[in-house]
Each structure stands twice: as structure tokens, then as C-alpha cells.
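Data block for run_19.txt (compact mmCIF, C-alpha atoms):
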```txt
# COMPACT_ATOMS: atom_id res chain seq x y z
CA MET W 1 -21.02 -21.09 31.63
CA LYS W 2 -23.97 -22.26 29.55
CA PHE W 3 -24.21 -25.88 28.47
CA LYS W 4 -23.59 -25.42 24.72
CA GLU W 5 -20.97 -22.68 25.20
CA GLU W 6 -18.94 -25.02 27.42
CA ILE W 7 -19.18 -27.79 24.84
CA ALA W 8 -17.99 -25.40 22.10
CA GLU W 9 -15.04 -24.33 24.26
CA TYR W 10 -14.00 -27.91 24.94
CA LEU W 11 -14.29 -28.83 21.26
CA HIS W 12 -12.13 -25.84 20.32
CA PHE W 13 -9.55 -26.80 22.95
CA LEU W 14 -9.42 -30.44 21.85
CA ARG W 15 -9.10 -29.52 18.16
CA LYS W 16 -6.05 -27.41 19.05
CA LYS W 17 -4.54 -30.25 21.04
CA TRP W 18 -5.15 -32.60 18.12
CA ASN W 19 -3.46 -30.23 15.67
CA TYR W 20 -0.54 -29.21 17.87
CA THR W 21 0.30 -32.28 19.99
CA ARG W 22 -1.03 -35.44 18.34
CA ASP W 23 2.51 -36.48 17.33
CA LEU W 24 3.43 -36.38 21.04
CA LEU W 25 0.50 -38.50 22.25
CA ASN W 26 0.55 -42.30 22.43
CA PRO W 27 -2.13 -44.39 20.66
CA LYS W 28 -4.18 -44.81 23.82
CA GLN W 29 -4.25 -41.05 24.45
CA LEU W 30 -5.20 -40.38 20.82
CA GLU W 31 -8.03 -42.89 21.11
CA GLU W 32 -9.28 -41.20 24.29
CA LEU W 33 -9.08 -37.74 22.69
CA THR W 34 -11.11 -38.93 19.70
CA SER W 35 -13.67 -40.57 22.01
CA ILE W 36 -14.11 -37.35 24.03
CA GLN W 37 -14.63 -35.33 20.83
CA GLU W 38 -17.30 -37.77 19.65
CA GLU W 39 -19.07 -37.53 23.01
CA LEU W 40 -19.02 -33.70 22.84
CA VAL W 41 -20.41 -33.71 19.29
CA SER W 42 -23.19 -35.97 20.54
CA LEU W 43 -23.89 -33.67 23.50
CA ARG W 44 -23.93 -30.59 21.26
CA ILE W 45 -27.37 -31.50 19.91
CA GLU W 46 -28.83 -31.83 23.42
CA ARG W 47 -30.52 -29.02 25.32
CA GLY W 48 -28.57 -29.61 28.54
CA GLN W 49 -31.57 -29.45 30.80
CA SER W 50 -31.80 -33.05 31.93
CA GLU W 51 -29.82 -34.54 34.79
CA GLY W 52 -28.42 -37.20 32.47
CA GLU W 53 -27.02 -34.63 30.04
CA LEU W 54 -25.40 -32.65 32.83
CA LYS W 55 -23.80 -35.81 34.22
CA ARG W 56 -22.41 -36.69 30.80
CA LEU W 57 -20.85 -33.21 30.55
CA GLU W 58 -19.38 -33.56 34.05
CA LEU W 59 -17.81 -36.85 33.00
CA VAL W 60 -16.33 -35.13 29.95
CA ARG W 61 -14.76 -32.49 32.22
CA LYS W 62 -13.07 -35.21 34.28
CA ARG W 63 -11.84 -37.09 31.20
CA VAL W 64 -10.34 -33.91 29.69
CA ALA W 65 -8.71 -32.99 33.00
CA LYS W 66 -7.18 -36.46 33.25
CA LEU W 67 -5.94 -36.43 29.64
CA PHE W 68 -4.49 -32.89 29.85
CA PRO W 69 -4.02 -32.17 33.57
CA ASP W 70 -1.57 -29.27 33.14
CA ASN W 71 -3.38 -27.08 30.63
CA MET W 72 -7.03 -28.00 30.55
CA LYS W 73 -8.29 -24.42 30.40
CA VAL W 74 -8.14 -22.43 27.21
CA ASN W 75 -5.97 -19.34 27.75
CA GLY W 76 -7.74 -16.51 25.93
CA TRP W 77 -4.76 -14.19 26.14
CA VAL W 78 -2.43 -16.81 24.63
CA GLU W 79 -4.96 -17.45 21.85
CA ASN W 80 -5.12 -13.75 21.03
CA VAL W 81 -1.33 -13.59 20.80
CA GLU W 82 -1.33 -16.63 18.51
CA VAL W 83 -3.95 -15.05 16.26
CA PHE W 84 -1.96 -11.80 16.21
CA PHE W 85 1.26 -13.50 15.13
CA VAL W 86 -0.49 -15.68 12.56
CA ALA W 87 -2.06 -12.53 11.10
CA ILE W 88 1.35 -10.84 10.91
CA ILE W 89 2.90 -13.87 9.20
CA LEU W 90 0.06 -14.04 6.68
CA ALA W 91 0.29 -10.31 5.99
CA LEU W 92 4.04 -10.51 5.43
CA ALA W 93 3.64 -13.53 3.17
CA ILE W 94 0.96 -11.80 1.10
CA ARG W 95 3.07 -8.64 0.87
CA THR W 96 6.23 -10.50 -0.10
CA TYR W 97 4.87 -13.05 -2.55
CA LEU W 98 1.41 -11.95 -3.72
CA TYR W 99 0.31 -8.32 -3.42
CA GLN W 100 2.43 -5.46 -2.09
CA PRO W 101 0.93 -2.06 -1.21
CA PHE W 102 2.64 0.84 -2.95
CA LYS W 103 2.15 4.60 -2.77
CA ILE W 104 2.37 6.81 -5.85
CA PRO W 105 4.92 9.48 -4.89
CA THR W 106 5.00 11.76 -7.95
CA ASP W 107 2.89 12.93 -10.89
CA SER W 108 4.85 11.04 -13.57
CA MET W 109 1.85 8.74 -14.18
CA LYS W 110 -0.77 11.47 -13.98
CA PRO W 111 -3.66 11.47 -14.83
CA THR W 112 -3.76 7.63 -14.71
CA LEU W 113 -2.30 7.63 -11.20
CA TRP W 114 -1.85 10.67 -8.99
CA GLY W 115 0.98 11.47 -6.64
CA ILE W 116 0.69 13.78 -3.64
CA ALA W 117 -1.18 16.94 -4.64
CA MET W 118 -1.40 20.33 -2.94
CA GLN W 119 -4.04 22.94 -3.64
CA SER W 120 -5.10 26.17 -2.01
CA HIS W 121 -8.22 26.38 0.11
CA PRO W 122 -9.18 30.06 0.36
CA GLU W 123 -12.33 29.43 2.38
CA PRO W 124 -12.38 28.78 6.15
CA MET W 125 -11.74 25.20 7.22
CA PRO W 126 -14.76 22.84 7.03
CA ASN W 127 -16.20 21.34 10.22
CA ILE W 128 -14.50 18.40 11.91
CA ALA W 129 -16.98 15.79 10.61
CA HIS W 130 -16.40 16.97 7.03
CA ARG W 131 -12.65 16.85 7.51
CA ILE W 132 -12.68 13.35 8.99
CA PHE W 133 -14.84 12.06 6.12
CA ASP W 134 -12.61 13.64 3.46
CA LEU W 135 -9.50 12.19 5.06
CA ALA W 136 -10.96 8.69 5.35
CA ALA W 137 -12.58 8.59 1.91
CA TYR W 138 -10.37 10.75 -0.28
CA GLY W 139 -7.08 11.08 1.59
CA LYS W 140 -7.59 14.83 1.80
CA SER W 141 -6.29 16.71 4.82
CA TYR W 142 -6.87 20.41 5.50
CA HIS W 143 -4.21 22.75 6.85
CA GLU W 144 -4.58 26.24 8.22
CA ILE W 145 -1.60 28.22 9.54
CA ILE W 146 -2.47 31.11 11.85
CA ALA W 147 0.30 33.20 13.38
CA LYS W 148 0.40 32.81 17.17
CA THR W 149 2.58 35.89 17.57
CA SER W 150 3.82 38.93 15.67
CA GLY W 151 7.26 39.17 14.11
CA GLN W 152 9.29 37.91 11.18
CA ILE W 153 9.65 34.31 10.05
CA GLN W 154 12.95 33.12 11.50
CA SER W 155 13.10 29.73 9.83
CA ILE W 156 11.10 27.07 7.98
CA GLU W 157 12.65 23.67 8.58
CA GLU W 158 11.50 20.12 7.88
CA GLY W 159 11.77 17.56 10.66
CA ARG W 160 10.04 14.81 12.58
CA LEU W 161 7.00 15.14 14.81
CA PHE W 162 8.22 16.04 18.31
CA GLY W 163 11.74 15.51 17.01
CA PHE W 164 11.67 11.70 16.99
CA ILE W 165 8.33 10.30 15.74
CA PRO W 166 8.85 9.28 12.07
CA ILE W 167 6.13 11.56 10.69
CA THR W 168 7.29 14.38 8.43
CA VAL W 169 6.37 17.87 9.62
CA THR W 170 7.55 21.39 8.86
CA ASN W 171 8.28 23.83 11.68
CA ILE W 172 7.76 27.54 11.06
CA VAL W 173 9.45 29.71 13.67
CA ILE W 174 8.01 33.22 14.14
CA GLY W 175 9.71 35.15 16.90
CA GLU W 176 10.18 32.57 19.61
CA LEU W 177 7.13 30.45 18.79
CA THR W 178 7.05 27.38 16.55
CA HIS W 179 4.14 26.55 14.26
CA THR W 180 4.09 22.88 13.19
CA VAL W 181 2.44 21.77 9.93
CA ALA W 182 1.94 18.09 9.06
CA CYS W 183 3.57 18.08 5.63
CA SER W 184 7.00 18.35 4.05
CA ARG W 185 8.71 21.68 3.41
CA MET W 186 8.25 21.35 -0.34
CA GLU W 187 4.56 20.52 0.08
CA LEU W 188 4.15 23.52 2.37
CA PHE W 189 5.55 25.91 -0.23
CA LYS W 190 3.28 24.41 -2.89
CA GLY W 191 0.23 24.82 -0.67
CA ALA W 192 1.17 28.21 0.76
CA PRO W 193 3.60 29.86 -1.71
CA GLU W 194 3.20 33.21 0.08
CA LEU W 195 5.51 31.88 2.79
CA LEU W 196 8.36 32.21 0.31
CA GLN W 197 8.12 35.97 0.61
CA GLY W 198 10.81 36.73 3.15
CA GLY W 199 11.33 39.87 5.24
CA ARG W 200 7.70 40.86 5.77
CA MET W 201 6.23 41.42 9.21
CA ILE W 202 3.70 38.88 10.44
CA LYS W 203 0.84 39.97 12.68
CA GLU W 204 -0.60 37.79 15.41
CA GLY W 205 -3.78 36.10 14.17
CA GLU W 206 -2.82 36.49 10.51
CA VAL W 207 -3.70 33.56 8.26
CA LEU W 208 -0.40 32.50 6.68
CA GLY W 209 -1.91 29.80 4.53
CA ARG W 210 -4.90 27.55 3.94
CA PHE W 211 -4.45 24.53 1.74
CA GLU W 212 -5.40 20.91 1.11
CA ARG W 213 -3.02 17.99 0.91
CA ILE W 214 -4.30 15.05 -1.13
CA THR W 215 -2.40 11.83 -0.65
CA GLY W 216 -0.99 9.92 -3.59
CA ASP W 217 -2.91 6.93 -4.91
CA GLN W 218 -2.37 3.76 -2.88
CA ILE W 219 -2.19 0.66 -5.06
CA PHE W 220 -1.65 -3.08 -4.85
CA VAL W 221 1.23 -4.46 -6.91
CA ASN W 222 0.87 -8.00 -8.21
CA ARG W 223 4.22 -9.60 -7.30
CA TRP W 224 3.62 -13.13 -8.52
CA SER W 225 2.66 -12.71 -12.18
CA TYR W 226 6.20 -11.95 -13.40
CA HIS W 227 7.35 -15.33 -12.11
CA PHE W 228 5.32 -16.85 -14.94
CA ARG W 229 5.43 -14.23 -17.69
CA LEU W 230 7.20 -11.07 -18.83
CA PRO W 231 5.75 -7.54 -18.79
CA GLN W 232 3.60 -6.61 -21.76
CA GLN W 233 3.58 -3.35 -23.66
CA GLY W 234 0.96 -1.10 -22.13
CA GLU W 235 0.81 -2.38 -18.56
CA VAL W 236 1.83 -0.44 -15.47
CA PHE W 237 4.81 -2.00 -13.71
CA VAL W 238 6.97 -1.45 -10.65
CA PHE W 239 10.73 -1.94 -10.54
CA THR W 240 13.74 -1.08 -8.42
CA THR W 241 16.42 1.39 -9.47
CA HIS W 242 19.52 -0.59 -8.50
CA ASN W 243 22.14 -1.02 -11.22
CA ILE W 244 20.32 1.31 -13.63
CA LYS W 245 23.00 3.69 -14.83
CA ASN W 246 22.20 7.41 -14.50
CA ILE W 247 18.86 6.87 -12.73
CA LEU W 248 20.06 8.29 -9.40
CA ASP W 249 21.93 11.27 -10.84
CA GLY W 250 20.73 14.26 -8.86
CA HIS W 251 18.16 12.13 -7.07
CA ALA W 252 16.92 13.76 -3.88
CA TYR W 253 17.30 10.54 -1.90
CA GLY W 254 20.49 9.23 -3.46
CA SER W 255 19.62 5.58 -2.84
CA GLU W 256 17.69 2.69 -4.32
CA GLN W 257 14.01 3.41 -4.89
CA TYR W 258 10.88 1.78 -6.26
CA TYR W 259 9.64 3.34 -9.48
CA ILE W 260 6.27 2.94 -11.15
CA LYS W 261 5.89 3.59 -14.88
CA ARG W 262 4.19 2.11 -17.91
CA CYS W 263 6.03 -0.60 -19.81
CA VAL W 264 6.08 0.53 -23.44
CA GLY W 265 8.98 -1.54 -24.76
CA VAL W 266 9.88 -5.22 -24.44
CA PRO W 267 12.98 -7.12 -25.61
CA GLY W 268 13.50 -7.11 -29.36
CA VAL W 269 11.32 -4.12 -30.30
CA THR W 270 12.62 -0.84 -31.71
CA LEU W 271 11.09 2.34 -30.27
CA GLN W 272 10.94 5.92 -31.50
CA ILE W 273 8.89 9.00 -30.69
CA ASP W 274 6.87 10.92 -33.29
CA PRO W 275 4.87 13.33 -31.08
CA PRO W 276 2.26 12.64 -29.87
CA TYR W 277 2.80 9.03 -30.92
CA LEU W 278 5.10 6.29 -29.72
CA LEU W 279 6.25 3.94 -32.48
CA SER W 280 7.13 0.28 -31.98
CA ASN W 281 8.93 -1.39 -34.91
CA GLY W 282 7.90 1.51 -37.12
CA GLU W 283 4.19 1.39 -36.33
CA ILE W 284 2.10 3.41 -33.88
CA LEU W 285 2.09 1.45 -30.66
CA GLY W 286 -1.35 0.32 -29.51
CA LYS W 287 -3.39 2.83 -31.49
CA ASP W 288 -6.44 0.62 -30.88
CA ASN W 289 -5.51 0.10 -27.23
CA LEU W 290 -7.29 2.32 -24.71
CA VAL W 291 -4.20 3.03 -22.59
CA PHE W 292 -2.27 4.43 -25.58
CA ALA W 293 -5.20 5.89 -27.53
CA ARG W 294 -6.20 8.17 -24.65
CA ASN W 295 -2.66 9.56 -24.51
CA TYR W 296 -2.48 10.09 -28.26
CA ALA W 297 -5.82 11.96 -28.11
CA GLN W 298 -4.24 14.58 -25.78
CA LYS W 299 -7.45 15.03 -23.79
CA ASP W 300 -8.49 14.74 -20.12
CA GLY W 301 -5.01 15.58 -18.88
CA TYR W 302 -3.05 13.36 -21.28
CA SER W 303 -0.48 15.12 -23.44
CA GLY W 304 0.88 12.46 -25.78
CA TYR W 305 4.51 11.32 -25.95
CA VAL W 306 7.12 14.03 -26.33
CA PHE W 307 10.87 14.61 -26.26
CA LEU W 308 12.50 15.74 -23.04
CA PRO W 309 15.20 18.45 -22.85
CA MET W 310 17.32 16.25 -20.54
CA SER W 311 16.88 13.06 -22.59
CA ARG W 312 19.82 10.80 -23.38
CA TYR W 313 17.71 8.49 -25.57
CA LEU W 314 15.07 9.20 -28.22
CA THR W 315 16.07 12.86 -28.29
CA GLY W 316 14.57 13.76 -31.69
CA LEU W 317 12.62 12.68 -34.74
CA GLY W 318 13.94 9.57 -36.41
CA GLU W 319 16.12 8.47 -33.50
CA GLN W 320 15.49 4.86 -32.55
CA SER W 321 16.34 2.56 -29.67
CA LYS W 322 16.29 -1.24 -29.94
CA LEU W 323 15.80 -3.14 -26.71
CA PRO W 324 18.28 -5.95 -25.96
CA ASP W 325 17.32 -9.25 -24.35
CA ASP W 326 15.91 -9.02 -20.81
CA GLN W 327 15.61 -5.21 -21.03
CA PHE W 328 12.43 -3.13 -20.87
CA TRP W 329 11.50 0.47 -21.62
CA ALA W 330 9.58 2.51 -19.04
CA MET W 331 7.71 5.77 -19.63
CA GLY W 332 5.31 7.83 -17.57
CA ASP W 333 1.85 8.72 -18.86
CA ASN W 334 2.65 12.32 -17.95
CA SER W 335 5.27 12.35 -20.69
CA PRO W 336 6.40 16.01 -20.42
CA GLN W 337 7.13 15.65 -16.69
CA SER W 338 8.39 12.09 -16.32
CA SER W 339 11.99 11.08 -15.75
CA ASP W 340 12.02 7.68 -17.40
CA SER W 341 13.88 5.52 -19.91
CA ARG W 342 14.37 8.55 -22.15
CA VAL W 343 16.70 9.84 -19.44
CA TRP W 344 18.30 6.74 -17.91
CA GLY W 345 17.75 3.91 -20.38
CA PHE W 346 16.66 0.31 -19.99
CA VAL W 347 15.09 -1.49 -17.02
CA PRO W 348 16.76 -4.92 -16.50
CA ARG W 349 14.53 -7.93 -16.01
CA GLU W 350 16.14 -8.59 -12.61
CA ASN W 351 14.77 -5.25 -11.34
CA LEU W 352 11.12 -6.12 -11.96
CA ILE W 353 8.83 -6.25 -8.93
CA GLY W 354 5.35 -6.64 -10.37
CA THR W 355 2.47 -5.06 -12.21
CA GLY W 356 0.21 -2.38 -10.73
CA SER W 357 -3.20 -3.98 -10.41
CA PHE W 358 -5.61 -2.02 -8.21
CA VAL W 359 -6.05 1.41 -6.60
CA TYR W 360 -7.46 0.58 -3.17
CA TRP W 361 -7.44 4.12 -1.75
CA PRO W 362 -8.50 6.94 -1.94
CA PHE W 363 -12.07 6.22 -2.96
CA GLY W 364 -12.29 8.51 -5.96
CA LYS W 365 -12.72 8.20 -9.70
CA ARG W 366 -9.40 6.32 -10.01
CA TRP W 367 -10.40 3.66 -7.47
CA GLY W 368 -10.41 0.20 -9.00
CA ILE W 369 -8.45 -1.75 -11.61
CA ILE W 370 -5.49 0.12 -13.10
CA ARG W 371 -5.51 0.44 -16.90
```
Starting from the coordinates I provided, produce the structure as C-alpha cells.
Amino acid sequence: MKFKEEIAEYLHFLRKKWNYTRDLLNPKQLEELTSIQEELVSLRIERGQSEGELKRLELVRKRVAKLFPDNMKVNGWVENVEVFFVAIILALAIRTYLYQPFKIPTDSMKPTLWGIAMQSHPEPMPNIAHRIFDLAAYGKSYHEIIAKTSGQIQSIEEGRLFGFIPITVTNIVIGELTHTVACSRMELFKGAPELLQGGRMIKEGEVLGRFERITGDQIFVNRWSYHFRLPQQGEVFVFTTHNIKNILDGHAYGSEQYYIKRCVGVPGVTLQIDPPYLLSNGEILGKDNLVFARNYAQKDGYSGYVFLPMSRYLTGLGEQSKLPDDQFWAMGDNSPQSSDSRVWGFVPRENLIGTGSFVYWPFGKRWGIIR
């Protein structure tokens, strides 16, 4: 080992011993450890080519071996394990207390935030380099289903990859052969609706579907801000569904979920809908605020605020809803297709998780700060 590399290794080792075991060492040992570190720092500026310098380093080796006879050598494998576990602990701490990653599952916040999207791809599949780039940059995966045999479709069932790996796939059985597609059954029918046509004969080599699956926006949720303040009208927030009456009625999962919507009502305000506007205490809410103004304008995919056929609250013109203490009102930017507080009512303060802050992937036009 080279002169300066060995010095660096010893300094690293002694710093660890100082941090981890100094409370176990007696004063004399601590004094010796400090003295060795000072000698190494002095040697670090030398070139290591003279006999005197090499002798000084040899003396350091003996002093370290005497001070720590059982574990003088730095164990690289142990260090890697330590770094790995420290990284896990830091990641869990950041996720729990600071910023939690969250995936947009539906289109209720579209076009501000996109859920999983399916679209046809009538042309042949692009080359592998193109596909890898699109997947890495834009979360876009390409799917092509070509019949491996002739016959009728026997079944189309959703399951797990190889039956046990927790990756959702859909298995299409034609004759005795299974065709596996890396998406859910619902996504498959959106991307290749022709598969819904039952009873027709399939020919070997026939293209049953070509489509693209674009992942939902991946965002960071700021978990710490609501410890110091309450949500504000106009910001995107995340909350849990527990103890919200009616929210799980007919829900596909039938259990507690995370929802992401826009907070449009805070305690004490009275809301009503006058399409395309949302009124707060009798006045148009945030008409000079970008996040509301773009929805009122009904352009670029925004449709304004409307009534829903299945609403329980704010069902028509003139109907109002006043928010009690510690209750908030959530609505999706995609107002015509968002199940929100119009359907299931208030969001309790205890359900709040945090505010959506940043789209970190895919790298498209929505990448960046959420507004």
C-alpha cells in the first residue's frame, strides 16, 4: 500500500474508534489515540520517500496494533454494511418525517397531475434504445401482443408475475398458450379495447394490440409543514381516507387509501359552486390566483368546477356548505371526473399527511414544483 493511502486508512480507522469507543477507553488510551492521530496528520504532508519517514510510519503501525490488538485492520465488508444500514435509516427518516414519495394513481387532478395513462400505438414498436430512453425519461413503456397460436381467447385474468412476484400482469390464454402483458387487466382493455370482442378466431402471428402505458406522476409530499401550519386554499394536499364517512363506498380496494386533491376549503369558510366558479364566502375563490384562474378559464384541459350526478354536497346552484373546525374541503382539478368532498364530505385535520411539493419523475412538462 502506498505511503499516503496507508496514512489515510489509519486516520479513518482511528476516527471511527474515537467516535464509537472513546467512552470505553481509559484516559491513558485516549491520550495515546490522540497522539497517534497527530503523528499521522504530521506524516500526511510528507512524501514518504525517506528512511526516517518510513520508520515513523512503522512505529505508528506498532502503536496502533498495541492500542487495538484485536481489530487493527479496517474491515471493508463491515464498513459497507454499516453504510448500507445508515442509508436505509436515513431514507426511512426522510420518508417518515420530511418528504414521502407518492404516485398519482388516477386522473382526478388532471391536467395538473396525471395518473396512469394508456394510449394506442398503431405503428410498429420503436427500437430497444428508444424504448429504454422513453421508459427512463418519461415513464413510457411499449406493449405489443402477438398471438403465438391460433384459436379463441379462453381467458384474460390479472395476476402476479410468475404467480408470486408482486408485479401486476395480465395473462391472456389463447388455446393452451399464455400471453403475459405487464399491466393490469383494466389498463389492457384501455390500451387494446379490441380484446373485449369475444368469440372471434385468432390467427397465429396476429397483432392483438399495440399500446403505450405512461406511468402516473411521481411526486414528493412535504410531511413536515403541517406540523407548523394548516393547509391553505389552493394548495395540493395528501390525506388518508380513514374515518371519512362514505369515502370507501364502492371503492375497488375497500380499505384505507392515500388521496391527493386540492384543498379549496378551510375551517370557517362557506363554499358553493356556480359553474365554472367556486365561491368562498360568497366571492369567487382565488380569481387572481393562477391555480384557480386556469380552471375557471376552461382551457388547456381544465374544465372549471361543476356539479356531479353522484354528489351528496353542493348538488346545485345556491346550495352552500360551511366547514366546521378542523375540517377541510378537497376537490380535484379534473372536476367532472373527481370523486371528492362533493361526494363524501369533509377531510378531518387528523387525516392530513402533507402538501404535494414536487414532481420528480417523469421528466416531462409537469416536472418541477407543483402549483
For Gln49 (chain W), list every protein, DNA or RNA residue within 12 Å, evaluated using only C-alpha atoms, and leave out those in the same chain fewer than 5 positions away; present the list as a list of chain:residue names. W:Lys2, W:Phe3, W:Lys4, W:Leu43, W:Leu54, W:Lys55, W:Arg56, W:Leu57
For C-alpha atoms, I'd like the residues from the last selection saved as a compact mmCIF listing (two decimals), in the frame of the given file.
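Generated output (again_24.txt):
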```txt
# COMPACT_ATOMS: atom_id res chain seq x y z
CA LYS W 2 -23.97 -22.26 29.55
CA PHE W 3 -24.21 -25.88 28.47
CA LYS W 4 -23.59 -25.42 24.72
CA LEU W 43 -23.89 -33.67 23.50
CA LEU W 54 -25.40 -32.65 32.83
CA LYS W 55 -23.80 -35.81 34.22
CA ARG W 56 -22.41 -36.69 30.80
CA LEU W 57 -20.85 -33.21 30.55
```
CA of Lys322 (chain W) and CA of Val306 (chain W) are how many Å apart?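 Taking CA of Lys322 (chain W) and CA of Val306 (chain W), their separation equals 18.2 Å.
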All residues 12 Å or closer to Phe68 (chain W), only C-alpha atoms, same chain fewer than 5 positions away omitted, as a VMD selection string: chain W and resid 10 13 to 14 17 to 18 21 25 29 to 30 32 to 33 61 to 63 73 to 74
For Asn334 (chain W), which residue among W:Leu135, W:Ile146, W:Val83, W:Met109 is the nearest when counting all atoms listed in the file?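 Counting all atoms listed in the file, the residue closest to Asn334 (chain W) is W:Met109.
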Shortest interatomic distance to Val291 (chain W) - which of W:Val236, W:Ala65, W:Ile260, W:Ile88, counting all atoms listed in the file: W:Val236
